[in-house]
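Enquirer: This is the structure, below, for whatever I ask next.
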Amino acid sequence: MTAHPLEIFRYCPVCGSKHFVTNDFKSRSCKDCGFTYYGNVAAANAAFIINDNRELLVVRRANEPAKGTLDLPGGFADMDESAEQGVAREVEEETGMKVTTAEYLFSLPNTYDYSGMTIHTLDMFFRCTVADCTAATARDDAAECLWVPLGELRSELFGLASIRKGIEEFLKKIKNLHI
């Protein structure tokens, strides 16, 4: 069982008071100094990259959570970068490929279990093009890169809930766009 992220805060991070109490589901307040901390969502991204053979690039997760299952290239946005910069960086870190365009498609709320905490995320999905589709090499936290024909995609093979749902949404979109 993972803990709510605010449960790790026992003392006020400003004054150190032990009177740092739950305000509501997303915040805690200090009864001594008045500071309120909001547990906002973390920004995350995922890339849909399709090659000329109508295949989607997927990676196999090298680490928990959902180690060994399929995933899309992506991850958390870093401070001081846009969502587009974040997805481009993550694609390069995991596959070695350089993103040339990143087109925002949609977003989904998600939770991500990490170090005994439930991290609430907002997962942003992008359709990306890359400079060279033949350059995909598993790196960083990707154990393997695979090209899967669009007609053979099965969302249940993806280990993270928002990615499964994102695959389903993407398949609906490409069907309507005749991609």
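Residue numbers start at 1 in each chain; chains themselves are named A, B, ... in the order of the structure tokens; ligands are numbered from 1 in the order shown.
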So that I can see what lies close to Asn63 in chain A, please list as a list in words the residues with an atom at most 9 Å from it, counting only C-alpha atoms and leaving out residues fewer than 5 positions away in the same chain.
Expert: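 Once the nearby chain positions are removed, what remains is Gly68, Asp141, Ala142 and Ala143 of chain A.
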Enquirer: Go ahead and dump the residues you just picked, N, CA and C atoms, as a compact mmCIF listing (two decimals), in the first residue's frame.
Expert:
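Okay, this is what ended up in part.txt:
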# COMPACT_ATOMS: atom_id res chain seq x y z
N GLY A 68 9.32 -4.81 -17.31
CA GLY A 68 9.12 -5.87 -18.29
C GLY A 68 7.91 -5.68 -19.19
N ASP A 141 16.20 3.92 -19.07
CA ASP A 141 15.34 2.95 -18.39
C ASP A 141 14.49 2.13 -19.36
N ALA A 142 14.90 2.08 -20.63
CA ALA A 142 14.25 1.21 -21.62
C ALA A 142 15.12 -0.02 -21.82
N ALA A 143 14.55 -1.19 -21.65
CA ALA A 143 15.29 -2.44 -21.83
C ALA A 143 15.34 -2.86 -23.30
Enquirer: Please identify every residue of range 32-55 of chain A that has at least one atom no farther than 12 Å from an atom of range 78-81 of chain A, counting only C-alpha atoms, and for each give the shortest atom pair and the distance in Å to one decimal, arranged by chain then increasing number, as CSV.
Expert:
residue,atom,partner,partner_atom,distance
A:Ala42,CA,A:Asp78,CA,9.6
A:Ala43,CA,A:Asp78,CA,8.4
A:Ala44,CA,A:Asp78,CA,9.0
A:Asn45,CA,A:Asp78,CA,10.7
Enquirer: With only C-alpha atoms as the counted atoms, please give the residues lying no more than 9 Å from range 52-60 of chain A, apart from itself and same-chain residues fewer than 6 positions off, as a ChimeraX atom specification.
Expert: /A:67-73,94-95,133,136,138,141-151,153,158,179
Enquirer: Given the selection you just returned, output its residues as a file containing C-alpha atoms, formatted as a PDB file, in the first residue's frame.
Expert:
ATOM      1  CA  LYS A  67       9.115  -3.715 -15.144  1.00  0.00           C
ATOM      2  CA  GLY A  68       9.123  -5.867 -18.290  1.00  0.00           C
ATOM      3  CA  THR A  69       5.862  -4.493 -19.708  1.00  0.00           C
ATOM      4  CA  LEU A  70       5.493  -2.307 -22.765  1.00  0.00           C
ATOM      5  CA  ASP A  71       5.523   1.475 -22.536  1.00  0.00           C
ATOM      6  CA  LEU A  72       5.781   4.533 -24.730  1.00  0.00           C
ATOM      7  CA  PRO A  73       9.003   6.543 -24.683  1.00  0.00           C
ATOM      8  CA  GLU A  94      15.415   6.231 -23.903  1.00  0.00           C
ATOM      9  CA  THR A  95      15.911   5.601 -27.632  1.00  0.00           C
ATOM     10  CA  CYS A 133      13.500   6.043 -37.279  1.00  0.00           C
ATOM     11  CA  ALA A 136      16.122   3.450 -32.087  1.00  0.00           C
ATOM     12  CA  ALA A 138      17.258   0.976 -25.923  1.00  0.00           C
ATOM     13  CA  ASP A 141      15.341   2.949 -18.393  1.00  0.00           C
ATOM     14  CA  ALA A 142      14.246   1.214 -21.622  1.00  0.00           C
ATOM     15  CA  ALA A 143      15.291  -2.440 -21.832  1.00  0.00           C
ATOM     16  CA  GLU A 144      14.237  -2.835 -25.469  1.00  0.00           C
ATOM     17  CA  CYS A 145      12.848  -0.826 -28.410  1.00  0.00           C
ATOM     18  CA  LEU A 146      10.218  -2.485 -30.601  1.00  0.00           C
ATOM     19  CA  TRP A 147       8.265  -1.400 -33.668  1.00  0.00           C
ATOM     20  CA  VAL A 148       4.699  -2.739 -33.444  1.00  0.00           C
ATOM     21  CA  PRO A 149       2.311  -2.585 -36.430  1.00  0.00           C
ATOM     22  CA  LEU A 150      -0.606  -0.282 -35.573  1.00  0.00           C
ATOM     23  CA  GLY A 151      -3.077  -3.078 -36.313  1.00  0.00           C
ATOM     24  CA  LEU A 153      -1.314  -2.945 -30.792  1.00  0.00           C
ATOM     25  CA  PHE A 158       1.232  -1.883 -21.489  1.00  0.00           C
ATOM     26  CA  ILE A 179      -3.437   7.225 -40.442  1.00  0.00           C
TER      27      ILE A 179
END
Enquirer: Would you pick out the contacts of range 27-29 of chain A at 12 Å or less, using only C-alpha atoms, so that residues sharing its chain but fewer than 3 positions from it are not included, and give the list as a PyMOL selection string?
Expert: chain A and resi 4-24+32-41
Enquirer: Using only C-alpha atoms, can you tell me which of A:Gly96, A:Gly86, A:Pro109, A:Gly74 comes closest to Leu122 in chain A?
Expert: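 For Leu122 in chain A, the nearest of the given residues is A:Pro109.
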Enquirer: I want to know what sits within 9 Å of Arg89 in chain A, based on only C-alpha atoms, with residues of the same chain fewer than 4 positions away left out; could you give that as a list in words?
Expert: Gly74, Ala77, Glu84, Gln85, Glu93, Glu94, Lys98 and Val99 of chain A
Enquirer: If we count only C-alpha atoms and set the cut-off at 8 Å, which residues sit around Asn110 in chain A, ignoring sequence neighbours fewer than 4 positions away in its own chain? Please answer as a PDB file with N, CA and C atoms, in the first residue's frame.
Expert:
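Result written to out.pdb:
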ATOM      1  N   HIS A 120       0.815  11.708  -8.022  1.00  0.00           N
ATOM      2  CA  HIS A 120      -0.234  12.046  -8.980  1.00  0.00           C
ATOM      3  C   HIS A 120       0.425  12.787 -10.134  1.00  0.00           C
ATOM      4  N   THR A 121       0.128  12.353 -11.359  1.00  0.00           N
ATOM      5  CA  THR A 121       0.731  12.966 -12.540  1.00  0.00           C
ATOM      6  C   THR A 121      -0.348  13.417 -13.515  1.00  0.00           C
ATOM      7  N   LEU A 122       0.046  14.309 -14.394  1.00  0.00           N
ATOM      8  CA  LEU A 122      -0.749  14.661 -15.556  1.00  0.00           C
ATOM      9  C   LEU A 122       0.093  14.236 -16.749  1.00  0.00           C
ATOM     10  N   ASP A 123      -0.319  13.165 -17.402  1.00  0.00           N
ATOM     11  CA  ASP A 123       0.432  12.605 -18.524  1.00  0.00           C
ATOM     12  C   ASP A 123      -0.022  13.262 -19.818  1.00  0.00           C
ATOM     13  N   ALA A 161      -1.360   2.279 -16.257  1.00  0.00           N
ATOM     14  CA  ALA A 161      -2.781   2.502 -16.574  1.00  0.00           C
ATOM     15  C   ALA A 161      -2.993   3.642 -17.559  1.00  0.00           C
ATOM     16  N   SER A 162      -2.330   4.774 -17.371  1.00  0.00           N
ATOM     17  CA  SER A 162      -2.587   5.899 -18.274  1.00  0.00           C
ATOM     18  C   SER A 162      -2.040   5.617 -19.669  1.00  0.00           C
TER      19      SER A 162
END
Enquirer: Looking at only C-alpha atoms, which of A:Met97, A:Ala62, A:Ala46, A:Leu157 is the one that sits closest to Phe126 in chain A?
Expert: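 The closest residue to Phe126 in chain A is A:Ala46.
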Enquirer: Please return, as a tab-separated table (two decimals) with all heavy atoms, in the first residue's frame, all residues of range 14-174 of chain A that DSSP assigns to helix (DSSP H, G or I) on the basis of the backbone.
Expert:
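The new file out36.tsv reads:
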chain	number	residue	atom	x	y	z
A	83	ALA	N	6.77	21.15	-22.01
A	83	ALA	CA	6.33	19.77	-22.22
A	83	ALA	C	6.96	19.21	-23.49
A	83	ALA	O	7.38	18.05	-23.53
A	83	ALA	CB	4.81	19.70	-22.29
A	84	GLU	N	7.05	20.04	-24.54
A	84	GLU	CA	7.66	19.60	-25.80
A	84	GLU	C	9.15	19.31	-25.62
A	84	GLU	O	9.65	18.31	-26.15
A	84	GLU	CB	7.45	20.66	-26.90
A	84	GLU	CG	6.02	20.83	-27.33
A	84	GLU	CD	5.18	21.74	-26.41
A	84	GLU	OE1	5.72	22.26	-25.40
A	84	GLU	OE2	3.99	21.92	-26.69
A	85	GLN	N	9.85	20.14	-24.89
A	85	GLN	CA	11.26	19.88	-24.60
A	85	GLN	C	11.41	18.61	-23.78
A	85	GLN	O	12.33	17.82	-24.00
A	85	GLN	CB	11.89	21.07	-23.86
A	85	GLN	CG	12.05	22.30	-24.70
A	85	GLN	CD	12.40	23.52	-23.85
A	85	GLN	OE1	11.96	23.67	-22.70
A	85	GLN	NE2	13.19	24.42	-24.42
A	86	GLY	N	10.51	18.41	-22.83
A	86	GLY	CA	10.57	17.22	-21.98
A	86	GLY	C	10.37	15.94	-22.75
A	86	GLY	O	11.10	14.96	-22.56
A	87	VAL	N	9.39	15.91	-23.66
A	87	VAL	CA	9.17	14.69	-24.43
A	87	VAL	C	10.34	14.44	-25.37
A	87	VAL	O	10.78	13.30	-25.54
A	87	VAL	CB	7.80	14.69	-25.16
A	87	VAL	CG1	7.78	15.59	-26.38
A	87	VAL	CG2	7.40	13.27	-25.54
A	88	ALA	N	10.90	15.50	-25.95
A	88	ALA	CA	12.07	15.34	-26.84
A	88	ALA	C	13.27	14.79	-26.06
A	88	ALA	O	13.97	13.88	-26.54
A	88	ALA	CB	12.42	16.66	-27.51
A	89	ARG	N	13.50	15.31	-24.86
A	89	ARG	CA	14.61	14.84	-24.04
A	89	ARG	C	14.42	13.38	-23.66
A	89	ARG	O	15.34	12.56	-23.76
A	89	ARG	CB	14.76	15.71	-22.78
A	89	ARG	CG	15.85	15.23	-21.83
A	89	ARG	CD	15.87	16.02	-20.53
A	89	ARG	NE	14.56	16.18	-19.92
A	89	ARG	CZ	13.89	15.22	-19.27
A	89	ARG	NH1	14.40	14.00	-19.14
A	89	ARG	NH2	12.71	15.47	-18.73
A	90	GLU	N	13.21	13.03	-23.22
A	90	GLU	CA	12.93	11.65	-22.81
A	90	GLU	C	13.09	10.67	-23.97
A	90	GLU	O	13.64	9.58	-23.79
A	90	GLU	CB	11.53	11.54	-22.19
A	90	GLU	CG	11.42	12.12	-20.80
A	90	GLU	CD	12.08	11.27	-19.73
A	90	GLU	OE1	12.45	10.12	-19.99
A	90	GLU	OE2	12.23	11.78	-18.61
A	91	VAL	N	12.59	11.04	-25.16
A	91	VAL	CA	12.75	10.16	-26.32
A	91	VAL	C	14.23	9.93	-26.60
A	91	VAL	O	14.66	8.79	-26.83
A	91	VAL	CB	12.03	10.75	-27.56
A	91	VAL	CG1	12.45	10.03	-28.84
A	91	VAL	CG2	10.51	10.65	-27.39
A	92	GLU	N	15.01	11.00	-26.55
A	92	GLU	CA	16.45	10.84	-26.82
A	92	GLU	C	17.13	10.00	-25.73
A	92	GLU	O	17.95	9.13	-26.04
A	92	GLU	CB	17.14	12.19	-26.95
A	92	GLU	CG	18.59	12.05	-27.36
A	92	GLU	CD	19.25	13.35	-27.75
A	92	GLU	OE1	18.62	14.42	-27.66
A	92	GLU	OE2	20.43	13.30	-28.13
A	93	GLU	N	16.77	10.24	-24.47
A	93	GLU	CA	17.38	9.46	-23.38
A	93	GLU	C	17.06	7.97	-23.50
A	93	GLU	O	17.92	7.14	-23.23
A	93	GLU	CB	16.88	9.97	-22.02
A	93	GLU	CG	17.48	11.28	-21.58
A	93	GLU	CD	16.90	11.80	-20.28
A	93	GLU	OE1	16.06	11.11	-19.65
A	93	GLU	OE2	17.28	12.91	-19.89
A	94	GLU	N	15.83	7.64	-23.89
A	94	GLU	CA	15.41	6.23	-23.90
A	94	GLU	C	15.70	5.51	-25.21
A	94	GLU	O	15.83	4.29	-25.22
A	94	GLU	CB	13.92	6.14	-23.58
A	94	GLU	CG	13.62	6.54	-22.15
A	94	GLU	CD	12.15	6.42	-21.79
A	94	GLU	OE1	11.36	5.93	-22.61
A	94	GLU	OE2	11.81	6.83	-20.66
A	95	THR	N	15.78	6.26	-26.33
A	95	THR	CA	15.91	5.60	-27.63
A	95	THR	C	17.09	6.09	-28.46
A	95	THR	O	17.40	5.50	-29.49
A	95	THR	CB	14.64	5.80	-28.49
A	95	THR	OG1	14.56	7.17	-28.90
A	95	THR	CG2	13.39	5.38	-27.73
A	133	CYS	N	14.20	7.15	-37.97
A	133	CYS	CA	13.50	6.04	-37.28
A	133	CYS	C	14.36	4.80	-37.13
A	133	CYS	O	14.09	3.95	-36.28
A	133	CYS	CB	12.22	5.67	-38.03
A	133	CYS	SG	10.87	6.83	-37.76
A	134	THR	N	15.41	4.66	-37.90
A	134	THR	CA	16.25	3.46	-37.81
A	134	THR	C	17.24	3.55	-36.66
A	134	THR	O	17.94	2.58	-36.39
A	134	THR	CB	17.02	3.23	-39.13
A	134	THR	OG1	17.94	4.32	-39.33
A	134	THR	CG2	16.08	3.11	-40.31
A	135	ALA	N	17.28	4.69	-35.98
A	135	ALA	CA	18.27	4.89	-34.92
A	135	ALA	C	17.82	4.45	-33.54
A	135	ALA	O	18.52	4.66	-32.56
A	135	ALA	CB	18.67	6.37	-34.88
A	150	LEU	N	0.55	-0.92	-36.21
A	150	LEU	CA	-0.61	-0.28	-35.57
A	150	LEU	C	-1.77	-1.25	-35.41
A	150	LEU	O	-2.45	-1.23	-34.39
A	150	LEU	CB	-1.05	0.95	-36.37
A	150	LEU	CG	-0.06	2.12	-36.37
A	150	LEU	CD1	-0.58	3.24	-37.27
A	150	LEU	CD2	0.18	2.63	-34.96
A	151	GLY	N	-1.98	-2.12	-36.38
A	151	GLY	CA	-3.08	-3.08	-36.31
A	151	GLY	C	-2.88	-4.18	-35.28
A	151	GLY	O	-3.82	-4.91	-34.96
A	152	GLU	N	-1.67	-4.31	-34.74
A	152	GLU	CA	-1.38	-5.36	-33.76
A	152	GLU	C	-1.23	-4.83	-32.34
A	152	GLU	O	-0.89	-5.59	-31.42
A	152	GLU	CB	-0.11	-6.11	-34.17
A	152	GLU	CG	-0.26	-6.86	-35.48
A	152	GLU	CD	1.03	-7.55	-35.92
A	152	GLU	OE1	1.92	-7.76	-35.07
A	152	GLU	OE2	1.13	-7.87	-37.12
A	155	SER	N	-3.54	-2.83	-25.96
A	155	SER	CA	-3.32	-1.96	-24.81
A	155	SER	C	-3.02	-2.73	-23.54
A	155	SER	O	-2.29	-2.25	-22.66
A	155	SER	CB	-4.51	-1.03	-24.60
A	155	SER	OG	-5.68	-1.76	-24.32
A	156	GLU	N	-3.55	-3.96	-23.40
A	156	GLU	CA	-3.34	-4.73	-22.16
A	156	GLU	C	-1.88	-5.14	-21.96
A	156	GLU	O	-1.50	-5.55	-20.87
A	156	GLU	CB	-4.26	-5.95	-22.11
A	156	GLU	CG	-4.01	-6.99	-23.17
A	156	GLU	CD	-4.79	-6.79	-24.46
A	156	GLU	OE1	-5.35	-5.69	-24.69
A	156	GLU	OE2	-4.83	-7.73	-25.27
A	157	LEU	N	-1.03	-5.02	-22.96
A	157	LEU	CA	0.39	-5.35	-22.82
A	157	LEU	C	1.20	-4.21	-22.22
A	157	LEU	O	2.37	-4.38	-21.90
A	157	LEU	CB	0.98	-5.74	-24.18
A	157	LEU	CG	0.36	-6.97	-24.84
A	157	LEU	CD1	0.98	-7.21	-26.21
A	157	LEU	CD2	0.50	-8.19	-23.94
A	161	ALA	N	-1.36	2.28	-16.26
A	161	ALA	CA	-2.78	2.50	-16.57
A	161	ALA	C	-2.99	3.64	-17.56
A	161	ALA	O	-3.78	3.51	-18.51
A	161	ALA	CB	-3.57	2.76	-15.29
A	162	SER	N	-2.33	4.77	-17.37
A	162	SER	CA	-2.59	5.90	-18.27
A	162	SER	C	-2.04	5.62	-19.67
A	162	SER	O	-2.60	6.09	-20.66
A	162	SER	CB	-2.02	7.21	-17.74
A	162	SER	OG	-0.63	7.25	-17.87
A	163	ILE	N	-0.97	4.84	-19.77
A	163	ILE	CA	-0.42	4.50	-21.08
A	163	ILE	C	-1.40	3.55	-21.80
A	163	ILE	O	-1.66	3.71	-23.00
A	163	ILE	CB	0.99	3.88	-20.98
A	163	ILE	CG1	1.96	4.88	-20.32
A	163	ILE	CG2	1.49	3.43	-22.34
A	163	ILE	CD1	2.18	6.18	-21.08
A	164	ARG	N	-1.96	2.59	-21.07
A	164	ARG	CA	-2.99	1.71	-21.67
A	164	ARG	C	-4.14	2.54	-22.22
A	164	ARG	O	-4.57	2.36	-23.36
A	164	ARG	CB	-3.53	0.71	-20.63
A	164	ARG	CG	-2.64	-0.47	-20.38
A	164	ARG	CD	-3.35	-1.57	-19.59
A	164	ARG	NE	-3.87	-1.14	-18.32
A	164	ARG	CZ	-3.17	-1.12	-17.18
A	164	ARG	NH1	-1.91	-1.52	-17.17
A	164	ARG	NH2	-3.73	-0.74	-16.06
A	165	LYS	N	-4.64	3.45	-21.40
A	165	LYS	CA	-5.75	4.30	-21.81
A	165	LYS	C	-5.31	5.22	-22.96
A	165	LYS	O	-6.07	5.46	-23.89
A	165	LYS	CB	-6.26	5.12	-20.62
A	165	LYS	CG	-7.57	5.79	-20.87
A	165	LYS	CD	-8.12	6.36	-19.57
A	165	LYS	CE	-9.49	6.95	-19.81
A	165	LYS	NZ	-10.06	7.49	-18.59
A	166	GLY	N	-4.08	5.72	-22.91
A	166	GLY	CA	-3.55	6.56	-23.97
A	166	GLY	C	-3.46	5.82	-25.29
A	166	GLY	O	-3.76	6.38	-26.35
A	167	ILE	N	-3.05	4.55	-25.26
A	167	ILE	CA	-2.99	3.72	-26.47
A	167	ILE	C	-4.39	3.60	-27.06
A	167	ILE	O	-4.60	3.75	-28.27
A	167	ILE	CB	-2.39	2.33	-26.16
A	167	ILE	CG1	-0.90	2.44	-25.82
A	167	ILE	CG2	-2.64	1.35	-27.31
A	167	ILE	CD1	0.00	2.75	-26.99
A	168	GLU	N	-5.38	3.33	-26.20
A	168	GLU	CA	-6.76	3.20	-26.67
A	168	GLU	C	-7.26	4.49	-27.32
A	168	GLU	O	-7.88	4.47	-28.39
A	168	GLU	CB	-7.67	2.77	-25.52
A	168	GLU	CG	-7.39	1.37	-25.03
A	168	GLU	CD	-7.99	1.04	-23.67
A	168	GLU	OE1	-8.74	1.90	-23.12
A	168	GLU	OE2	-7.71	-0.06	-23.15
A	169	GLU	N	-6.97	5.63	-26.68
A	169	GLU	CA	-7.37	6.93	-27.23
A	169	GLU	C	-6.68	7.19	-28.57
A	169	GLU	O	-7.30	7.66	-29.52
A	169	GLU	CB	-7.04	8.06	-26.26
A	169	GLU	CG	-7.91	8.11	-25.04
A	169	GLU	CD	-9.36	8.43	-25.37
A	169	GLU	OE1	-9.62	9.35	-26.17
A	169	GLU	OE2	-10.24	7.74	-24.84
A	170	PHE	N	-5.39	6.88	-28.64
A	170	PHE	CA	-4.62	7.10	-29.86
A	170	PHE	C	-5.16	6.25	-31.01
A	170	PHE	O	-5.30	6.73	-32.13
A	170	PHE	CB	-3.15	6.80	-29.61
A	170	PHE	CG	-2.27	7.09	-30.79
A	170	PHE	CD1	-2.05	8.40	-31.21
A	170	PHE	CD2	-1.65	6.07	-31.47
A	170	PHE	CE1	-1.24	8.67	-32.30
A	170	PHE	CE2	-0.84	6.33	-32.56
A	170	PHE	CZ	-0.63	7.64	-32.98
A	171	LEU	N	-5.49	5.00	-30.72
A	171	LEU	CA	-6.02	4.12	-31.76
A	171	LEU	C	-7.35	4.65	-32.31
A	171	LEU	O	-7.61	4.56	-33.51
A	171	LEU	CB	-6.16	2.69	-31.24
A	171	LEU	CG	-4.84	1.95	-31.02
A	171	LEU	CD1	-5.08	0.60	-30.36
A	171	LEU	CD2	-4.06	1.79	-32.32
A	172	LYS	N	-8.19	5.22	-31.43
A	172	LYS	CA	-9.44	5.84	-31.89
A	172	LYS	C	-9.14	7.03	-32.79
A	172	LYS	O	-9.77	7.20	-33.83
A	172	LYS	CB	-10.27	6.31	-30.69
A	172	LYS	CG	-10.95	5.22	-29.92
A	172	LYS	CD	-11.76	5.86	-28.80
A	172	LYS	CE	-11.88	4.93	-27.63
A	172	LYS	NZ	-12.46	5.58	-26.46
A	173	LYS	N	-8.17	7.87	-32.37
A	173	LYS	CA	-7.83	9.06	-33.14
A	173	LYS	C	-7.29	8.71	-34.52
A	173	LYS	O	-7.68	9.31	-35.51
A	173	LYS	CB	-6.80	9.92	-32.40
A	173	LYS	CG	-7.37	10.73	-31.27
A	173	LYS	CD	-6.32	11.65	-30.70
A	173	LYS	CE	-6.86	12.45	-29.55
A	173	LYS	NZ	-7.97	13.33	-29.91
A	174	ILE	N	-6.37	7.74	-34.59
A	174	ILE	CA	-5.78	7.43	-35.90
A	174	ILE	C	-6.79	6.74	-36.82
A	174	ILE	O	-6.71	6.89	-38.03
A	174	ILE	CB	-4.46	6.61	-35.79
A	174	ILE	CG1	-4.68	5.27	-35.14
A	174	ILE	CG2	-3.41	7.42	-35.07
A	174	ILE	CD1	-3.46	4.37	-35.18
Enquirer: Once DSSP has gone over the backbone, tell me which residues of range 55-94 of chain A are in strand (DSSP E or B), as a VMD selection string.
Expert: chain A and resid 55 to 61 70 to 71 74 to 76
Enquirer: Of the candidates A:Val130, A:Lys175, A:Asp140, A:Thr100, which shows the shortest atom-to-atom distance to Arg61 in chain A, using only C-alpha atoms?
Expert: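 Result for the nearest residue to Arg61 in chain A: A:Asp140.
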Enquirer: So how many Å separate CA of Glu103 in chain A and CA of Met124 in chain A, to one decimal?
Expert: 10.4 Å
Enquirer: How many Å separate CA of Phe48 in chain A from CA of Thr129 in chain A?
Expert: 8.5 Å
Enquirer: Report, in Å with one decimal, the straight-line distance from CA of Ala102 in chain A to CA of Cys128 in chain A.
Expert: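 For CA of Ala102 in chain A relative to CA of Cys128 in chain A, the distance reads 4.4 Å.
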